[in-house]
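Source file: upload19.cif (mmCIF, C-alpha atoms)
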data_work
loop_
_atom_site.label_atom_id
_atom_site.label_comp_id
_atom_site.auth_asym_id
_atom_site.auth_seq_id
_atom_site.Cartn_x
_atom_site.Cartn_y
_atom_site.Cartn_z
CA LEU A 25 -24.94 -10.02 -8.88
CA GLU A 26 -27.73 -7.53 -9.61
CA LYS A 27 -30.35 -10.13 -8.69
CA LEU A 28 -28.49 -11.20 -5.56
CA ALA A 29 -27.74 -7.71 -4.24
CA PRO A 30 -31.05 -7.25 -2.34
CA THR A 31 -30.57 -10.68 -0.73
CA PHE A 32 -27.05 -9.80 0.37
CA LEU A 33 -28.15 -6.54 1.90
CA ALA A 34 -31.22 -7.99 3.60
CA GLY A 35 -29.34 -10.32 5.92
CA MET A 36 -25.71 -9.33 6.27
CA PRO A 37 -23.72 -6.91 8.39
CA ALA A 38 -20.69 -6.88 6.10
CA ILE A 39 -19.30 -7.60 2.67
CA VAL A 40 -15.64 -8.49 2.40
CA LYS A 41 -14.05 -7.63 -0.91
CA PRO A 42 -10.33 -8.55 -1.02
CA ALA A 43 -8.17 -6.14 -2.98
CA THR A 44 -5.13 -8.33 -3.55
CA ALA A 45 -3.97 -11.37 -5.46
CA THR A 46 -4.15 -13.41 -2.23
CA SER A 47 -7.96 -13.41 -2.30
CA TYR A 48 -7.98 -17.23 -2.47
CA LEU A 49 -6.53 -17.23 1.06
CA THR A 50 -9.31 -14.93 2.22
CA GLU A 51 -11.86 -17.27 0.68
CA ALA A 52 -10.39 -20.24 2.55
CA MET A 53 -10.48 -18.26 5.80
CA VAL A 54 -14.14 -17.28 5.30
CA ARG A 55 -15.07 -20.87 4.52
CA GLU A 56 -13.53 -21.95 7.82
CA MET A 57 -15.40 -19.19 9.67
CA ILE A 58 -18.71 -20.28 8.18
CA ALA A 59 -18.00 -23.96 8.85
CA SER A 60 -17.26 -23.21 12.51
CA ASN A 61 -20.83 -21.88 13.01
CA ILE A 62 -19.45 -18.89 14.94
CA LEU A 63 -21.74 -16.57 12.95
CA PRO A 64 -25.47 -16.96 12.20
CA LYS A 65 -26.22 -18.50 8.81
CA GLY A 66 -26.05 -15.88 6.07
CA ALA A 67 -24.47 -13.24 8.32
CA LEU A 68 -21.27 -13.03 6.25
CA GLN A 69 -20.91 -12.96 2.50
CA LEU A 70 -17.66 -12.91 0.54
CA ILE A 71 -17.41 -11.32 -2.91
CA VAL A 72 -14.10 -11.80 -4.73
CA GLY A 73 -13.81 -9.30 -7.57
CA GLY A 74 -15.94 -6.37 -8.67
CA VAL A 75 -19.17 -5.50 -6.84
CA GLY A 76 -21.11 -4.28 -9.87
CA ASP A 77 -23.97 -1.95 -8.91
CA LEU A 78 -24.16 -3.22 -5.33
CA LEU A 79 -23.74 0.25 -3.82
CA ASP A 80 -26.83 1.40 -5.69
CA HIS A 81 -28.88 -0.78 -3.35
CA VAL A 82 -27.59 0.30 0.06
CA THR A 83 -29.93 2.04 2.49
CA ALA A 84 -29.66 4.16 5.63
CA GLN A 85 -29.46 0.96 7.71
CA ASP A 86 -26.26 -0.19 6.05
CA VAL A 87 -22.62 0.53 6.85
CA VAL A 88 -19.89 0.68 4.20
CA THR A 89 -16.26 0.39 5.23
CA PHE A 90 -13.29 0.53 2.89
CA THR A 91 -9.57 -0.03 3.06
CA GLY A 92 -7.29 0.57 0.10
CA SER A 93 -6.12 3.50 -2.00
CA ALA A 94 -7.16 6.99 -0.96
CA ALA A 95 -8.28 7.80 -4.52
CA THR A 96 -10.72 4.87 -4.63
CA GLY A 97 -11.91 5.68 -1.12
CA ARG A 98 -12.80 9.23 -2.13
CA LYS A 99 -14.81 7.95 -5.10
CA LEU A 100 -16.79 5.61 -2.87
CA LYS A 101 -17.39 8.30 -0.28
CA ALA A 102 -18.91 10.55 -2.96
CA HIS A 103 -21.25 7.83 -4.30
CA PRO A 104 -24.71 9.42 -4.83
CA ARG A 105 -26.52 6.57 -3.05
CA LEU A 106 -24.35 6.87 0.05
CA ILE A 107 -25.03 10.59 0.18
CA GLU A 108 -28.76 10.27 -0.52
CA GLU A 109 -29.29 7.59 2.12
CA SER A 110 -26.82 9.06 4.65
CA VAL A 111 -25.08 5.71 4.74
CA ARG A 112 -22.44 5.40 7.44
CA PHE A 113 -19.07 5.24 5.68
CA ASN A 114 -15.60 4.64 7.05
CA MET A 115 -12.31 4.28 5.22
CA GLU A 116 -8.63 3.93 5.98
CA ALA A 117 -6.90 6.57 3.89
CA ASP A 118 -3.87 8.88 3.90
CA SER A 119 -1.60 5.86 3.72
CA LEU A 120 1.63 7.51 2.57
CA ASN A 121 3.43 5.64 5.32
CA PHE A 122 7.12 6.05 6.01
CA SER A 123 10.06 4.02 7.21
CA MET A 124 13.00 5.97 8.61
CA LEU A 125 16.65 5.01 9.06
CA GLY A 126 18.36 6.70 12.00
CA PRO A 127 21.64 8.60 11.48
CA ASP A 128 23.45 6.05 13.66
CA ALA A 129 22.29 3.04 11.63
CA ALA A 130 25.08 3.01 9.07
CA PRO A 131 25.73 0.15 6.62
CA GLY A 132 27.07 -2.84 8.50
CA THR A 133 24.92 -2.32 11.60
CA GLU A 134 22.11 -4.67 12.55
CA GLU A 135 19.61 -1.82 12.32
CA TYR A 136 20.63 -1.07 8.73
CA ASP A 137 20.24 -4.69 7.65
CA LEU A 138 16.82 -4.97 9.30
CA PHE A 139 15.75 -1.71 7.66
CA ILE A 140 16.69 -2.86 4.15
CA LYS A 141 14.93 -6.19 4.65
CA GLU A 142 11.79 -4.48 5.92
CA VAL A 143 11.55 -1.94 3.09
CA ALA A 144 11.97 -4.61 0.41
CA ARG A 145 9.45 -6.86 2.13
CA GLU A 146 6.93 -4.04 2.38
CA MET A 147 7.22 -3.33 -1.34
CA THR A 148 6.54 -6.92 -2.39
CA THR A 149 4.08 -8.24 0.23
CA LYS A 150 0.70 -8.37 -1.55
CA ALA A 151 2.45 -6.44 -4.35
CA GLY A 152 2.32 -3.31 -2.22
CA GLN A 153 -1.50 -3.35 -2.18
CA ARG A 154 -1.84 -2.63 1.51
CA CYS A 155 -2.93 0.59 3.17
CA THR A 156 -0.10 0.13 5.68
CA ALA A 157 2.62 -0.48 3.07
CA ILE A 158 5.69 1.78 3.06
CA ARG A 159 5.56 4.46 0.37
CA ARG A 160 8.30 6.83 1.59
CA THR A 161 11.76 5.72 2.71
CA ILE A 162 13.51 8.44 4.71
CA VAL A 163 17.28 8.03 5.19
CA PRO A 164 20.36 10.13 6.06
CA ALA A 165 21.49 12.03 2.97
CA MET A 166 24.98 10.53 3.15
CA MET A 167 23.50 7.01 3.01
CA VAL A 168 21.10 7.48 0.08
CA ASN A 169 23.30 5.68 -2.47
CA ASP A 170 24.04 2.83 -0.05
CA VAL A 171 20.35 2.38 0.71
CA ILE A 172 19.32 2.42 -2.94
CA GLY A 173 21.98 -0.17 -3.75
CA SER A 174 21.03 -2.42 -0.84
CA ILE A 175 17.28 -2.29 -1.52
CA SER A 176 17.86 -2.93 -5.21
CA LYS A 177 19.97 -5.98 -4.43
CA ARG A 178 17.29 -7.28 -2.09
CA LEU A 179 14.56 -6.77 -4.70
CA ASP A 180 16.62 -8.71 -7.25
CA GLY A 181 16.00 -11.80 -5.15
CA ALA A 182 12.22 -11.35 -4.93
CA THR A 183 10.74 -13.31 -7.86
CA LEU A 184 7.58 -11.91 -9.43
CA GLY A 185 5.08 -14.25 -11.07
CA ASN A 186 2.35 -16.82 -10.60
CA PRO A 187 1.98 -17.38 -6.82
CA ALA A 188 1.38 -21.08 -7.48
CA THR A 189 4.83 -21.45 -9.04
CA GLU A 190 7.67 -22.70 -6.87
CA GLY A 191 10.07 -19.93 -5.86
CA VAL A 192 7.73 -17.03 -6.66
CA ARG A 193 7.68 -14.48 -3.82
CA TRP A 194 4.88 -12.16 -4.96
CA GLY A 195 2.18 -11.91 -7.58
CA PRO A 196 0.02 -9.55 -9.65
CA LEU A 197 -2.10 -6.54 -8.79
CA ALA A 198 -5.85 -6.82 -8.34
CA GLY A 199 -6.53 -6.30 -12.07
CA ARG A 200 -5.55 -4.53 -15.25
CA GLY A 201 -7.36 -1.42 -14.09
CA GLN A 202 -5.16 -1.27 -11.03
CA VAL A 203 -2.06 -1.60 -13.20
CA GLU A 204 -3.08 1.53 -15.07
CA GLU A 205 -3.79 3.36 -11.81
CA VAL A 206 -0.33 2.54 -10.44
CA ARG A 207 1.30 3.51 -13.74
CA LYS A 208 -0.54 6.84 -13.67
CA SER A 209 0.61 7.51 -10.10
CA LEU A 210 4.17 6.57 -11.04
CA GLU A 211 4.15 9.16 -13.82
CA GLY A 212 3.08 11.76 -11.25
CA LEU A 213 5.92 10.77 -8.93
CA LYS A 214 8.44 10.94 -11.76
CA ALA A 215 7.83 14.69 -11.99
CA ALA A 216 9.70 15.02 -8.69
CA ALA A 217 11.80 11.85 -8.47
CA GLN A 218 14.06 9.70 -10.61
CA VAL A 219 13.49 5.97 -11.10
CA VAL A 220 16.57 4.18 -9.78
CA TYR A 221 15.30 0.59 -9.91
CA GLY A 222 12.77 -1.21 -12.06
CA ASN A 223 11.07 -0.60 -15.40
CA PRO A 224 7.29 -0.96 -15.84
CA ASP A 225 7.78 -1.48 -19.58
CA SER A 226 10.36 -4.24 -19.31
CA PHE A 227 10.36 -6.91 -16.62
CA SER A 228 10.30 -10.69 -16.29
CA VAL A 229 7.51 -12.82 -14.82
CA THR A 230 7.84 -16.44 -13.70
CA GLY A 231 5.12 -18.95 -14.55
CA ALA A 232 2.82 -16.41 -16.24
CA ASP A 233 2.47 -13.96 -19.12
CA SER A 234 3.41 -10.41 -18.12
CA LYS A 235 1.27 -8.96 -20.92
CA LYS A 236 -1.87 -10.93 -20.07
CA GLY A 237 -1.64 -10.77 -16.29
CA ALA A 238 -2.00 -7.73 -14.05
CA PHE A 239 1.68 -7.67 -13.14
CA PHE A 240 3.67 -4.61 -12.12
CA PRO A 241 7.36 -4.68 -11.15
CA ALA A 242 8.94 -3.20 -8.05
CA ILE A 243 9.83 0.44 -8.69
CA LEU A 244 12.21 2.43 -6.50
CA LEU A 245 12.54 6.19 -6.96
CA HIS A 246 14.85 8.83 -5.48
CA CYS A 247 13.64 12.33 -4.71
CA ALA A 248 16.65 14.65 -4.38
CA GLN A 249 14.62 17.58 -3.03
CA PRO A 250 11.93 16.09 -0.78
CA LEU A 251 11.33 19.33 1.13
CA ASP A 252 10.75 21.27 -2.07
CA ARG A 253 8.47 18.79 -3.83
CA SER A 254 4.99 17.71 -2.79
CA GLU A 255 4.50 14.71 -5.11
CA PRO A 256 6.16 12.00 -2.93
CA HIS A 257 4.05 13.16 0.02
CA THR A 258 0.71 13.41 -1.78
CA ILE A 259 0.66 10.81 -4.59
CA GLU A 260 0.01 7.25 -3.48
CA ALA A 261 0.89 4.54 -5.97
CA PHE A 262 -1.10 1.61 -4.58
CA GLY A 263 1.40 -1.02 -5.63
CA PRO A 264 5.10 -1.98 -5.32
CA VAL A 265 6.35 1.62 -5.62
CA ASN A 266 8.57 3.38 -3.07
CA THR A 267 10.43 6.70 -2.96
CA VAL A 268 13.77 7.17 -1.19
CA MET A 269 14.49 10.65 0.19
CA GLY A 270 17.45 11.94 2.16
CA TYR A 271 17.55 14.16 5.25
CA ARG A 272 20.34 16.28 6.75
CA SER A 273 19.14 16.35 10.37
CA VAL A 274 16.68 14.52 12.61
CA ASP A 275 14.43 17.58 12.63
CA GLU A 276 14.36 17.51 8.85
CA ALA A 277 13.55 13.80 8.89
CA ILE A 278 10.63 14.48 11.22
CA GLU A 279 9.36 17.23 8.92
CA LEU A 280 9.47 14.84 5.96
CA ALA A 281 7.51 12.24 7.90
CA ARG A 282 4.88 14.85 8.75
CA ARG A 283 4.47 15.76 5.10
CA GLY A 284 2.48 12.51 4.73
CA ARG A 285 -0.44 14.37 6.37
CA GLY A 286 -1.53 11.53 8.57
CA SER A 287 0.09 8.20 7.72
CA LEU A 288 -1.55 5.07 9.04
CA CYS A 289 1.82 3.93 10.34
CA GLY A 290 5.52 4.73 10.42
CA SER A 291 8.65 2.89 11.51
CA LEU A 292 12.10 3.90 12.73
CA PHE A 293 15.30 1.85 12.78
CA THR A 294 17.85 3.20 15.27
CA ALA A 295 19.86 2.17 18.33
CA ASP A 296 19.95 5.76 19.64
CA ASP A 297 17.36 6.39 22.36
CA GLY A 298 17.61 10.15 21.80
CA VAL A 299 16.75 9.80 18.11
CA ALA A 300 13.90 7.43 18.91
CA ARG A 301 12.43 9.85 21.45
CA ALA A 302 12.67 12.82 19.08
CA VAL A 303 11.06 10.97 16.16
CA VAL A 304 8.24 9.49 18.24
CA LEU A 305 7.35 12.81 19.86
CA GLY A 306 7.69 14.62 16.52
CA THR A 307 5.58 12.25 14.42
CA ALA A 308 3.11 10.52 16.73
CA ALA A 309 0.47 13.24 16.35
CA TRP A 310 0.46 12.55 12.61
#
Let me see the structure of the file written as structure tokens.
Amino acid sequence: LEKLAPTFLAGMPAIVKPATATSYLTEAMVREMIASNILPKGALQLIVGGVGDLLDHVTAQDVVTFTGSAATGRKLKAHPRLIEESVRFNMEADSLNFSMLGPDAAPGTEEYDLFIKEVAREMTTKAGQRCTAIRRTIVPAMMVNDVIGSISKRLDGATLGNPATEGVRWGPLAGRGQVEEVRKSLEGLKAAAQVVYGNPDSFSVTGADSKKGAFFPAILLHCAQPLDRSEPHTIEAFGPVNTVMGYRSVDEAIELARRGRGSLCGSLFTADDGVARAVVLGTAAW
């Protein structure tokens, strides 16, 4: 890689470095793009895995873009070479996204069922390694126990393991290093929330070895005092980790959503136009 770095930088506008276990799909897509001759020869390079000292070779004519965890993004942004060369840098950060259940969407309604399905899907798709993945689940206080039970039941049916194995729904994290990062973030969240589903020290894996692979189970937490604690709104576990928090009024729900300090996205499940209007106007600026 060290020998190839100057060649990469001499004739390419971008490097794509997948951050998930589905990198083989990205490779197939890039191969098709190259085969189509849409781009000039050598214009696009794909690196799957670590980039070594590649950033040490960038110059003022290069552009570095990043999408992933905010912590990693900050490290890249502070790279001495990027600062020295005034390299243009862009990243998608502040991804403590939320999904909110309206006060009208009680268990048994279509909105409630869609909400539960969406939250569980967001936790397991790419093992939660997406900057747009849901990290904070905001629900009416009186429905907290119902929501936790429903999400837990849904997660029970999502098989973790080798993606090539029949029946497996989601796979490992990007690497062992990422496992430790998620575990560290989880410990930070546990200072303000209680784990109500999942155990990072004891879980089953299908078609693989949980100790050798970079696997991490789905973890659901409950924060009983979300307005009094900052951890669920500031710590991003870049993996299958989600925190449920209850609200007592729509205004309080909006305040909780805002605590994310600029989420990349948010979603609301409700059949009440008044609630939808209030939440959109209250959160859109964030």
Atom-to-atom span, CA of Trp194 in chain A and CA of Met167 in chain A, Å: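 Between CA of Trp194 in chain A and CA of Met167 in chain A the gap is 27.9 Å.
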Separation of CA of Leu70 in chain A from CA of Glu56 in chain A in Å: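 Calculated distance between CA of Glu56 in chain A and CA of Leu70 in chain A is 12.3 Å.
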Nearest to Ala281 in chain A, chosen from A:Val229, A:Leu79, A:Ile162, A:Ala151, with all atoms listed in the file counted in the distances: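 Of all the options, A:Ile162 lies closest to Ala281 in chain A.
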Nearest to Leu210 in chain A by atom-to-atom distance, counting only C-alpha atoms, from A:Glu190, A:Asp77, A:Glu255, A:Asp180: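 Of all the options, A:Glu255 lies closest to Leu210 in chain A.
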Residue with smallest distance to Ala144 in chain A - pool A:Ala242, A:Ala95, A:Arg200, A:Gly185, counting only C-alpha atoms: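 Once distances to Ala144 in chain A are computed over only C-alpha atoms, the minimum belongs to A:Ala242.
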Separation of CA of Gly152 in chain A from CA of Tyr221 in chain A in Å: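 CA of Gly152 in chain A lies at a distance of 15.6 Å from CA of Tyr221 in chain A.
Remark: for Arg272 in chain A, the closest of the candidate residues A:Glu204, A:Arg112, A:Ala165, A:Asp86 is A:Ala165 (distances computed over all atoms listed in the file).
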Among the residues A:Thr267, A:Phe227, A:Ser254, A:Gly126, the one that comes closest to Ala302 in chain A [using all atoms listed in the file]: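 Ranked by minimum distance to Ala302 in chain A, first place goes to A:Gly126.
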Check what the PyMOL selection byres ((chain A and resi 243) around 7) selects in the file above and give those residues as a short mmCIF file (atom, residue, chain, number, x, y, z; two decimals) with C-alpha atoms, in the frame of the given file.
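To be explicit, this is the file written out as selection.cif:
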data_model
loop_
_atom_site.label_atom_id
_atom_site.label_comp_id
_atom_site.auth_asym_id
_atom_site.auth_seq_id
_atom_site.Cartn_x
_atom_site.Cartn_y
_atom_site.Cartn_z
CA TYR A 221 15.30 0.59 -9.91
CA GLY A 222 12.77 -1.21 -12.06
CA ASN A 223 11.07 -0.60 -15.40
CA PRO A 241 7.36 -4.68 -11.15
CA ALA A 242 8.94 -3.20 -8.05
CA LEU A 244 12.21 2.43 -6.50
CA LEU A 245 12.54 6.19 -6.96
CA PRO A 264 5.10 -1.98 -5.32
CA VAL A 265 6.35 1.62 -5.62
CA ASN A 266 8.57 3.38 -3.07
#
Neighbour residues at most 10 Å from (18.3, 12.5, 3.9) (only C-alpha atoms) as a list in words: Met124, Leu125, Gly126, Pro127, Thr161, Ile162, Val163, Pro164, Ala165, Met166, Met167, Val168, Cys247, Ala248, Gln249, Pro250, Val268, Met269, Gly270, Tyr271, Arg272, Ser273, Val274, Glu276, Ala277 and Leu280 of chain A
Contact residues around Gly191 in chain A with all atoms listed in the file at 12 Å, ignoring same-chain residues under 4 positions, as a ChimeraX atom specification: /A:181-187,195,229-231
Picked residues, the PyMOL selection byres ((chain A and resi 303) around 9), as a ChimeraX atom specification: /A:274-275,277-278,292,298-302,304-308
Please expand the PyMOL selection byres ((chain A and resi 103) around 12) into the concrete residues it hits in this file, giving the result as a PDB file with C-alpha atoms, in the frame of the given file.
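Everything below was put into part35.pdb:
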ATOM      1  CA  ASP A  77     -23.970  -1.950  -8.910  1.00  0.00           C
ATOM      2  CA  LEU A  78     -24.160  -3.220  -5.330  1.00  0.00           C
ATOM      3  CA  LEU A  79     -23.740   0.250  -3.820  1.00  0.00           C
ATOM      4  CA  ASP A  80     -26.830   1.400  -5.690  1.00  0.00           C
ATOM      5  CA  HIS A  81     -28.880  -0.780  -3.350  1.00  0.00           C
ATOM      6  CA  VAL A  82     -27.590   0.300   0.060  1.00  0.00           C
ATOM      7  CA  VAL A  88     -19.890   0.680   4.200  1.00  0.00           C
ATOM      8  CA  THR A  96     -10.720   4.870  -4.630  1.00  0.00           C
ATOM      9  CA  GLY A  97     -11.910   5.680  -1.120  1.00  0.00           C
ATOM     10  CA  ARG A  98     -12.800   9.230  -2.130  1.00  0.00           C
ATOM     11  CA  LYS A  99     -14.810   7.950  -5.100  1.00  0.00           C
ATOM     12  CA  LEU A 100     -16.790   5.610  -2.870  1.00  0.00           C
ATOM     13  CA  LYS A 101     -17.390   8.300  -0.280  1.00  0.00           C
ATOM     14  CA  ALA A 102     -18.910  10.550  -2.960  1.00  0.00           C
ATOM     15  CA  PRO A 104     -24.710   9.420  -4.830  1.00  0.00           C
ATOM     16  CA  ARG A 105     -26.520   6.570  -3.050  1.00  0.00           C
ATOM     17  CA  LEU A 106     -24.350   6.870   0.050  1.00  0.00           C
ATOM     18  CA  ILE A 107     -25.030  10.590   0.180  1.00  0.00           C
ATOM     19  CA  GLU A 108     -28.760  10.270  -0.520  1.00  0.00           C
ATOM     20  CA  GLU A 109     -29.290   7.590   2.120  1.00  0.00           C
ATOM     21  CA  SER A 110     -26.820   9.060   4.650  1.00  0.00           C
ATOM     22  CA  VAL A 111     -25.080   5.710   4.740  1.00  0.00           C
ATOM     23  CA  PHE A 113     -19.070   5.240   5.680  1.00  0.00           C
TER      24      PHE A 113
END
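Using all atoms listed in the file, the smallest distance between any of A:Ala215, A:Ile259, A:Ile140, A:Ile158 and Asp170 in chain A comes from A:Ile140.
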10 Å contact set for Asp128 in chain A, all atoms listed in the file, chain neighbours under 3 positions out, as a list of chain:residue names: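 What passes the distance filter is A:Leu125, A:Pro131, A:Thr133, A:Glu135, A:Tyr136, A:Pro164, A:Phe293, A:Thr294, A:Ala295, A:Asp296, A:Val299.
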